[in-house]
>>> print(open('query04.cif').read())   # mmCIF, C-alpha atoms
data_final
#
loop_
_atom_site.group_PDB
_atom_site.id
_atom_site.type_symbol
_atom_site.label_atom_id
_atom_site.label_comp_id
_atom_site.auth_asym_id
_atom_site.auth_seq_id
_atom_site.Cartn_x
_atom_site.Cartn_y
_atom_site.Cartn_z
ATOM 1 C CA MET A 1255 20.368 -1.923 5.470
ATOM 2 C CA PRO A 1256 18.248 1.175 6.092
ATOM 3 C CA GLY A 1257 16.911 1.742 9.574
ATOM 4 C CA PRO A 1258 13.203 1.991 10.398
ATOM 5 C CA ALA A 1259 13.014 5.727 9.727
ATOM 6 C CA ASP A 1260 14.138 5.368 6.110
ATOM 7 C CA ALA A 1261 12.850 1.899 5.172
ATOM 8 C CA SER A 1262 10.060 3.270 2.957
ATOM 9 C CA MET A 1263 11.816 6.413 1.769
ATOM 10 C CA ASN A 1264 13.803 4.797 -1.052
ATOM 11 C CA LEU A 1265 10.794 3.125 -2.609
ATOM 12 C CA GLY A 1266 8.958 4.744 -5.478
ATOM 13 C CA CYS A 1267 5.696 4.118 -7.281
ATOM 14 C CA ASP A 1268 7.509 2.070 -9.921
ATOM 15 C CA ALA A 1269 8.923 -0.266 -7.244
ATOM 16 C CA LEU A 1270 5.477 -0.775 -5.751
ATOM 17 C CA LEU A 1271 3.490 -1.034 -8.965
ATOM 18 C CA PRO A 1272 5.755 -1.566 -12.004
ATOM 19 C CA ALA A 1273 4.559 -0.156 -15.330
ATOM 20 C CA ASP A 1274 3.491 -3.560 -16.736
ATOM 21 C CA LEU A 1275 1.278 -4.314 -13.721
ATOM 22 C CA ARG A 1276 0.039 -0.709 -13.579
ATOM 23 C CA GLU A 1277 -1.132 -0.943 -17.197
ATOM 24 C CA LEU A 1278 -3.083 -4.131 -16.352
ATOM 25 C CA ALA A 1279 -4.748 -2.613 -13.268
ATOM 26 C CA LEU A 1280 -5.161 0.978 -14.473
ATOM 27 C CA PRO A 1281 -4.940 1.055 -18.269
ATOM 28 C CA GLY A 1282 -4.491 4.573 -19.614
ATOM 29 C CA PHE A 1283 -3.848 6.112 -16.183
ATOM 30 C CA SER A 1284 -0.827 8.346 -15.605
ATOM 31 C CA VAL A 1285 0.959 8.392 -12.259
ATOM 32 C CA LYS A 1286 2.194 11.279 -10.134
ATOM 33 C CA GLU A 1287 4.445 10.555 -7.173
ATOM 34 C CA GLU A 1288 4.388 12.755 -4.072
ATOM 35 C CA LYS A 1289 6.016 12.528 -0.653
ATOM 36 C CA ALA A 1290 3.342 12.451 2.042
ATOM 37 C CA CYS A 1291 5.861 12.685 4.876
ATOM 38 C CA PRO A 1292 9.661 12.535 5.342
ATOM 39 C CA THR A 1293 9.714 8.930 6.622
ATOM 40 C CA CYS A 1294 6.952 7.194 4.656
ATOM 41 C CA GLY A 1295 6.714 5.842 1.158
ATOM 42 C CA PRO A 1296 5.379 8.045 -1.607
ATOM 43 C CA LEU A 1297 1.738 8.676 -2.342
ATOM 44 C CA CYS A 1298 1.072 7.505 -5.903
ATOM 45 C CA THR A 1299 -1.861 9.295 -7.550
ATOM 46 C CA PHE A 1300 -3.338 7.921 -10.784
ATOM 47 C CA ARG A 1301 -5.551 9.777 -13.249
ATOM 48 C CA ALA A 1302 -6.844 9.003 -16.748
ATOM 49 C CA ALA A 1303 -7.845 11.541 -19.393
ATOM 50 C CA ALA A 1304 -10.678 9.187 -20.382
ATOM 51 C CA GLU A 1305 -12.038 9.228 -16.800
ATOM 52 C CA PRO A 1306 -11.588 12.860 -15.638
ATOM 53 C CA GLY A 1307 -13.688 12.441 -12.474
ATOM 54 C CA THR A 1308 -11.774 9.381 -11.259
ATOM 55 C CA THR A 1309 -8.718 9.541 -9.027
ATOM 56 C CA VAL A 1310 -6.938 6.563 -7.522
ATOM 57 C CA SER A 1311 -4.278 6.881 -4.867
ATOM 58 C CA LEU A 1312 -1.930 4.249 -3.530
ATOM 59 C CA ALA A 1313 0.049 4.816 -0.350
ATOM 60 C CA TYR A 1314 2.295 2.391 1.439
ATOM 61 C CA ASN A 1315 4.589 1.901 4.387
ATOM 62 C CA CYS A 1316 7.198 -0.858 4.147
ATOM 63 C CA GLU A 1317 8.772 -0.553 7.584
ATOM 64 C CA PRO A 1318 9.354 -3.790 9.517
ATOM 65 C CA ARG A 1319 6.666 -4.677 12.029
ATOM 66 C CA ASP A 1320 6.260 -7.304 14.694
ATOM 67 C CA PRO A 1321 5.338 -10.547 12.842
ATOM 68 C CA SER A 1322 3.469 -11.841 15.903
ATOM 69 C CA VAL A 1323 0.788 -9.107 15.681
ATOM 70 C CA ASP A 1324 -2.634 -10.718 15.311
ATOM 71 C CA VAL A 1325 -4.516 -10.042 12.068
ATOM 72 C CA ARG A 1326 -7.533 -8.871 14.112
ATOM 73 C CA GLU A 1327 -5.370 -6.123 15.638
ATOM 74 C CA LEU A 1328 -4.337 -4.971 12.157
ATOM 75 C CA LEU A 1329 -7.932 -4.802 10.940
ATOM 76 C CA ALA A 1330 -9.457 -3.259 14.077
ATOM 77 C CA PRO A 1331 -9.140 0.466 13.143
ATOM 78 C CA THR A 1332 -10.713 -0.033 9.704
ATOM 79 C CA LEU A 1333 -13.437 -2.342 11.006
ATOM 80 C CA LYS A 1334 -14.290 0.127 13.803
ATOM 81 C CA ALA A 1335 -14.636 2.843 11.129
ATOM 82 C CA GLY A 1336 -17.368 0.798 9.397
ATOM 83 C CA GLY A 1337 -15.149 -1.359 7.205
ATOM 84 C CA VAL A 1338 -15.586 -5.005 6.282
ATOM 85 C CA GLU A 1339 -12.938 -7.672 5.961
ATOM 86 C CA VAL A 1340 -11.804 -8.663 2.466
ATOM 87 C CA PRO A 1341 -10.887 -12.362 2.451
ATOM 88 C CA ALA A 1342 -7.914 -13.802 0.538
ATOM 89 C CA LEU A 1343 -6.129 -10.475 0.054
ATOM 90 C CA GLY A 1344 -2.639 -10.350 1.592
ATOM 91 C CA ARG A 1345 -2.115 -11.157 5.264
ATOM 92 C CA ALA A 1346 -5.202 -9.134 6.182
ATOM 93 C CA ALA A 1347 -7.389 -6.653 4.345
ATOM 94 C CA ALA A 1348 -10.480 -4.543 4.870
ATOM 95 C CA ARG A 1349 -12.495 -2.085 2.834
ATOM 96 C CA ARG A 1350 -14.671 0.859 3.750
ATOM 97 C CA THR A 1351 -16.723 3.550 2.058
ATOM 98 C CA PRO A 1352 -16.038 6.822 3.923
ATOM 99 C CA VAL A 1353 -18.271 8.831 1.535
ATOM 100 C CA PRO A 1354 -20.452 7.872 -1.454
ATOM 101 C CA GLY A 1355 -18.371 7.283 -4.582
ATOM 102 C CA MET A 1356 -15.211 6.468 -2.630
ATOM 103 C CA LEU A 1357 -13.814 3.086 -1.660
ATOM 104 C CA GLN A 1358 -10.759 2.672 0.514
ATOM 105 C CA VAL A 1359 -8.947 -0.672 0.833
ATOM 106 C CA VAL A 1360 -6.158 -1.319 3.332
ATOM 107 C CA ALA A 1361 -4.070 -4.514 3.181
ATOM 108 C CA TRP A 1362 -1.012 -5.986 4.823
ATOM 109 C CA ASP A 1363 1.185 -7.918 2.420
ATOM 110 C CA ASP A 1364 1.842 -11.505 3.409
ATOM 111 C CA ASP A 1365 5.451 -11.749 2.171
ATOM 112 C CA THR A 1366 6.831 -8.245 2.900
ATOM 113 C CA PRO A 1367 6.471 -5.786 5.800
ATOM 114 C CA CYS A 1368 4.319 -3.493 3.626
ATOM 115 C CA VAL A 1369 0.896 -2.068 4.422
ATOM 116 C CA LEU A 1370 -0.902 -0.524 1.437
ATOM 117 C CA VAL A 1371 -3.889 1.808 1.175
ATOM 118 C CA VAL A 1372 -5.805 2.213 -2.094
ATOM 119 C CA THR A 1373 -8.367 5.019 -2.263
ATOM 120 C CA TRP A 1374 -10.645 5.137 -5.295
ATOM 121 C CA MET A 1375 -12.762 8.240 -5.905
ATOM 122 C CA GLY A 1376 -15.108 8.436 -8.870
ATOM 123 C CA THR A 1377 -16.704 5.933 -11.180
ATOM 124 C CA GLY A 1378 -16.118 2.219 -10.620
ATOM 125 C CA PRO A 1379 -14.861 2.319 -7.019
ATOM 126 C CA GLU A 1380 -15.213 -1.463 -6.710
ATOM 127 C CA ARG A 1381 -12.070 -1.692 -8.873
ATOM 128 C CA ALA A 1382 -10.042 -0.599 -5.803
ATOM 129 C CA VAL A 1383 -9.916 -4.215 -4.583
ATOM 130 C CA GLU A 1384 -8.386 -5.384 -7.887
ATOM 131 C CA VAL A 1385 -5.871 -2.521 -7.848
ATOM 132 C CA MET A 1386 -4.894 -3.639 -4.335
ATOM 133 C CA ARG A 1387 -4.543 -7.254 -5.479
ATOM 134 C CA THR A 1388 -2.240 -6.121 -8.314
ATOM 135 C CA ALA A 1389 -0.219 -3.839 -6.014
ATOM 136 C CA LEU A 1390 0.296 -6.708 -3.562
ATOM 137 C CA GLN A 1391 1.674 -8.781 -6.451
ATOM 138 C CA GLY A 1392 3.975 -5.945 -7.519
ATOM 139 C CA VAL A 1393 5.833 -5.416 -4.244
ATOM 140 C CA SER A 1394 8.135 -8.272 -3.251
ATOM 141 C CA ALA A 1395 11.087 -8.976 -1.001
ATOM 142 C CA SER A 1396 13.384 -8.724 -4.026
ATOM 143 C CA SER A 1397 11.955 -5.362 -5.185
ATOM 144 C CA LEU A 1398 12.334 -3.981 -1.637
ATOM 145 C CA ALA A 1399 15.900 -5.289 -1.409
ATOM 146 C CA ALA A 1400 16.775 -3.782 -4.789
ATOM 147 C CA ALA A 1401 15.298 -0.412 -3.806
ATOM 148 C CA HIS A 1402 17.256 -0.373 -0.534
ATOM 149 C CA ALA A 1403 20.597 -1.462 -2.010
ATOM 150 C CA PRO A 1404 23.118 1.276 -2.833
ATOM 151 C CA ALA A 1405 24.173 1.310 -6.485
ATOM 152 C CA GLY A 1406 26.627 -1.500 -7.221
ATOM 153 C CA SER A 1407 26.059 -3.348 -3.938
ATOM 154 C CA THR A 1408 24.484 -6.669 -3.104
ATOM 155 C CA PRO A 1409 20.927 -6.364 -1.733
ATOM 156 C CA PRO A 1410 20.368 -7.613 1.831
ATOM 157 C CA ALA A 1411 19.469 -11.258 2.233
ATOM 158 C CA SER A 1412 15.828 -12.080 2.792
ATOM 159 C CA THR A 1413 14.474 -14.069 5.697
ATOM 160 C CA GLU A 1414 13.077 -17.585 5.479
ATOM 161 C CA ASP A 1415 9.556 -16.276 4.857
ATOM 162 C CA GLY A 1416 10.783 -14.077 1.976
ATOM 163 C CA GLY A 1417 10.554 -10.789 3.873
ATOM 164 C CA LEU A 1418 13.400 -8.444 4.602
ATOM 165 C CA PRO A 1419 15.245 -8.905 7.885
ATOM 166 C CA PRO A 1420 13.703 -6.701 10.559
ATOM 167 C CA ALA A 1421 15.472 -3.413 11.214
ATOM 168 C CA SER A 1422 13.755 -3.071 14.571
ATOM 169 C CA THR A 1423 11.502 -5.099 16.800
ATOM 170 C CA GLY A 1424 8.949 -2.338 17.403
ATOM 171 C CA ASP A 1425 5.674 -1.888 15.560
ATOM 172 C CA ALA A 1426 6.226 0.669 12.800
ATOM 173 C CA GLY A 1427 2.584 1.712 12.869
ATOM 174 C CA LEU A 1428 0.104 1.969 10.065
ATOM 175 C CA LEU A 1429 -0.396 4.585 7.420
ATOM 176 C CA PRO A 1430 -3.286 6.884 8.069
ATOM 177 C CA PRO A 1431 -5.699 6.773 5.147
ATOM 178 C CA PRO A 1432 -4.706 9.368 2.522
ATOM 179 C CA LEU A 1433 -7.823 11.470 3.134
ATOM 180 C CA GLU A 1434 -7.237 11.703 6.876
ATOM 181 C CA ARG A 1435 -3.639 12.717 6.212
ATOM 182 C CA SER A 1436 -4.884 15.630 4.099
ATOM 183 C CA GLY A 1437 -7.295 16.763 6.799
ATOM 184 C CA LEU A 1438 -10.507 15.757 4.981
ATOM 185 C CA PRO A 1439 -13.118 13.638 6.829
#
>>> encode(input="query04.cif", output="structure tokens")
Amino acid sequence: MPGPADASMNLGCDALLPADLRELALPGFSVKEEKACPTCGPLCTFRAAAEPGTTVSLAYNCEPRDPSVDVRELLAPTLKAGGVEVPALGRAAARRTPVPGMLQVVAWDDDTPCVLVVTWMGTGPERAVEVMRTALQGVSASSLAAAHAPAGSTPPASTEDGGLPPASTGDAGLLPPPLERSGLP
């Protein structure tokens, strides 16, 4: 099983949001996959020719984290930045509007160690919550295990709660929002 430093590296946009789910959430959008950093999952950027001023990004980190961390601790940074909690979305979720026309949603999956960030810029930013809901459905313990398994091997067994066995006991940290990572406010 991969260690904490490479837990997210093997995952791609198709593992997080398979084409069938992507077409439901973002019909007509194309996807471009980029590496935001050497040890984190890719940054998936979606654009549609029919909506030239709209860009949607999806970033994630699927490194094991301490399961005893309180949901309030997970939400604190986003809530302190003016966000509001989004009920019934993963283990914990919050949304914020850093600038007009942009909505950012961060959520911690309830059955995997993944934290996801959806940033919607352009028309219809309220759709970011539904994209997040779809992305949370797309990533699963089995898709993570399949992505981590070498070709021809058996994927690692999942834990009782359906998540992958922890590779470490430390907190893997959270993804910075995509805009902060690029140096924008």
>>> closest_residue(input="query04.cif", among="A:Asp1320, A:Glu1380, A:Asp1364, A:Asp1274", to="A:Ala1346", atoms="only C-alpha atoms")
A:Asp1364
>>> atom_distance(input="query04.cif", atom1="atom CA of A:Gln1358", atom2="atom CA of A:Glu1277")
20.5 Å
>>> atom_distance(input="query04.cif", atom1="atom CA of A:Val1360", atom2="atom CA of A:Ala1303")
26.2 Å
>>> closest_residue(input="query04.cif", among="A:Met1386, A:Cys1298, A:Leu1271, A:Val1369", to="A:Ala1342", atoms="all atoms listed in the file")
A:Met1386
>>> closest_residue(input="query04.cif", among="A:Thr1377, A:Gly1337, A:Cys1316, A:Pro1281", to="A:Ala1399", atoms="all atoms listed in the file")
A:Cys1316
>>> closest_residue(input="query04.cif", among="A:Leu1357, A:Ala1400, A:Cys1368, A:Ala1313", to="A:Arg1381", atoms="only C-alpha atoms")
A:Leu1357
>>> resolve_selection(input="query04.cif", expression="the PyMOL selection byres ((chain A and resi 1275) around 12)", output="list in words")
Cys1267, Asp1268, Ala1269, Leu1270, Leu1271, Pro1272, Ala1273, Asp1274, Arg1276, Glu1277, Leu1278, Ala1279, Leu1280, Pro1281, Phe1283, Glu1384, Val1385, Met1386, Arg1387, Thr1388, Ala1389, Leu1390, Gln1391, Gly1392 and Val1393 of chain A
>>> write_last_selection(input="query04.cif", atoms="C-alpha atoms", output="compact mmCIF listing (two decimals), in the coordinates of the input")
# COMPACT_ATOMS: atom_id res chain seq x y z
CA CYS A 1267 5.70 4.12 -7.28
CA ASP A 1268 7.51 2.07 -9.92
CA ALA A 1269 8.92 -0.27 -7.24
CA LEU A 1270 5.48 -0.78 -5.75
CA LEU A 1271 3.49 -1.03 -8.96
CA PRO A 1272 5.76 -1.57 -12.00
CA ALA A 1273 4.56 -0.16 -15.33
CA ASP A 1274 3.49 -3.56 -16.74
CA ARG A 1276 0.04 -0.71 -13.58
CA GLU A 1277 -1.13 -0.94 -17.20
CA LEU A 1278 -3.08 -4.13 -16.35
CA ALA A 1279 -4.75 -2.61 -13.27
CA LEU A 1280 -5.16 0.98 -14.47
CA PRO A 1281 -4.94 1.06 -18.27
CA PHE A 1283 -3.85 6.11 -16.18
CA GLU A 1384 -8.39 -5.38 -7.89
CA VAL A 1385 -5.87 -2.52 -7.85
CA MET A 1386 -4.89 -3.64 -4.34
CA ARG A 1387 -4.54 -7.25 -5.48
CA THR A 1388 -2.24 -6.12 -8.31
CA ALA A 1389 -0.22 -3.84 -6.01
CA LEU A 1390 0.30 -6.71 -3.56
CA GLN A 1391 1.67 -8.78 -6.45
CA GLY A 1392 3.98 -5.94 -7.52
CA VAL A 1393 5.83 -5.42 -4.24
>>> atom_distance(input="query04.cif", atom1="atom CA of A:Gly1376", atom2="atom CA of A:Cys1291")
25.4 Å
>>> resolve_selection(input="query04.cif", expression="the PyMOL selection byres ((chain A and resi 1304-1307) around 12)", output="PyMOL selection string")
chain A and resi 1280-1284+1300-1303+1308-1310+1355-1356+1374-1379
>>> write_last_selection(input="query04.cif", atoms="C-alpha atoms", output="PDB file, in the frame of the given file")
ATOM      1  CA  LEU A1280      -5.161   0.978 -14.473  1.00  0.00           C
ATOM      2  CA  PRO A1281      -4.940   1.055 -18.269  1.00  0.00           C
ATOM      3  CA  GLY A1282      -4.491   4.573 -19.614  1.00  0.00           C
ATOM      4  CA  PHE A1283      -3.848   6.112 -16.183  1.00  0.00           C
ATOM      5  CA  SER A1284      -0.827   8.346 -15.605  1.00  0.00           C
ATOM      6  CA  PHE A1300      -3.338   7.921 -10.784  1.00  0.00           C
ATOM      7  CA  ARG A1301      -5.551   9.777 -13.249  1.00  0.00           C
ATOM      8  CA  ALA A1302      -6.844   9.003 -16.748  1.00  0.00           C
ATOM      9  CA  ALA A1303      -7.845  11.541 -19.393  1.00  0.00           C
ATOM     10  CA  THR A1308     -11.774   9.381 -11.259  1.00  0.00           C
ATOM     11  CA  THR A1309      -8.718   9.541  -9.027  1.00  0.00           C
ATOM     12  CA  VAL A1310      -6.938   6.563  -7.522  1.00  0.00           C
ATOM     13  CA  GLY A1355     -18.371   7.283  -4.582  1.00  0.00           C
ATOM     14  CA  MET A1356     -15.211   6.468  -2.630  1.00  0.00           C
ATOM     15  CA  TRP A1374     -10.645   5.137  -5.295  1.00  0.00           C
ATOM     16  CA  MET A1375     -12.762   8.240  -5.905  1.00  0.00           C
ATOM     17  CA  GLY A1376     -15.108   8.436  -8.870  1.00  0.00           C
ATOM     18  CA  THR A1377     -16.704   5.933 -11.180  1.00  0.00           C
ATOM     19  CA  GLY A1378     -16.118   2.219 -10.620  1.00  0.00           C
ATOM     20  CA  PRO A1379     -14.861   2.319  -7.019  1.00  0.00           C
TER      21      PRO A1379
END
>>> resolve_selection(input="query04.cif", expression="the PyMOL selection byres ((chain A and resi 1359) around 7)", output="list in words")
Ala1348, Arg1349, Arg1350, Leu1357, Gln1358, Val1360, Ala1361, Val1371, Val1372, Thr1373, Ala1382 and Val1383 of chain A
>>> closest_residue(input="query04.cif", among="A:Gly1266, A:Pro1352, A:Gly1344, A:Pro1331", to="A:Val1285", atoms="only C-alpha atoms")
A:Gly1266
>>> residues_around(input="query04.cif", residues="A:Tyr1314", least_positions_apart="5", cutoff="8 Å", atoms="only C-alpha atoms", output="list in words")
Ser1262, Cys1294, Gly1295, Pro1296, Leu1297, Cys1368, Val1369, Leu1370, Val1371 and Leu1429 of chain A
>>> residues_near_point(input="query04.cif", point="(-11.1, -9.2, 14.8)", cutoff="12 Å", atoms="all atoms listed in the file", output="list in words")
Val1323, Asp1324, Val1325, Arg1326, Glu1327, Leu1328, Leu1329, Ala1330, Pro1331, Thr1332, Leu1333, Lys1334, Gly1337, Val1338, Glu1339, Ala1346, Ala1347 and Ala1348 of chain A
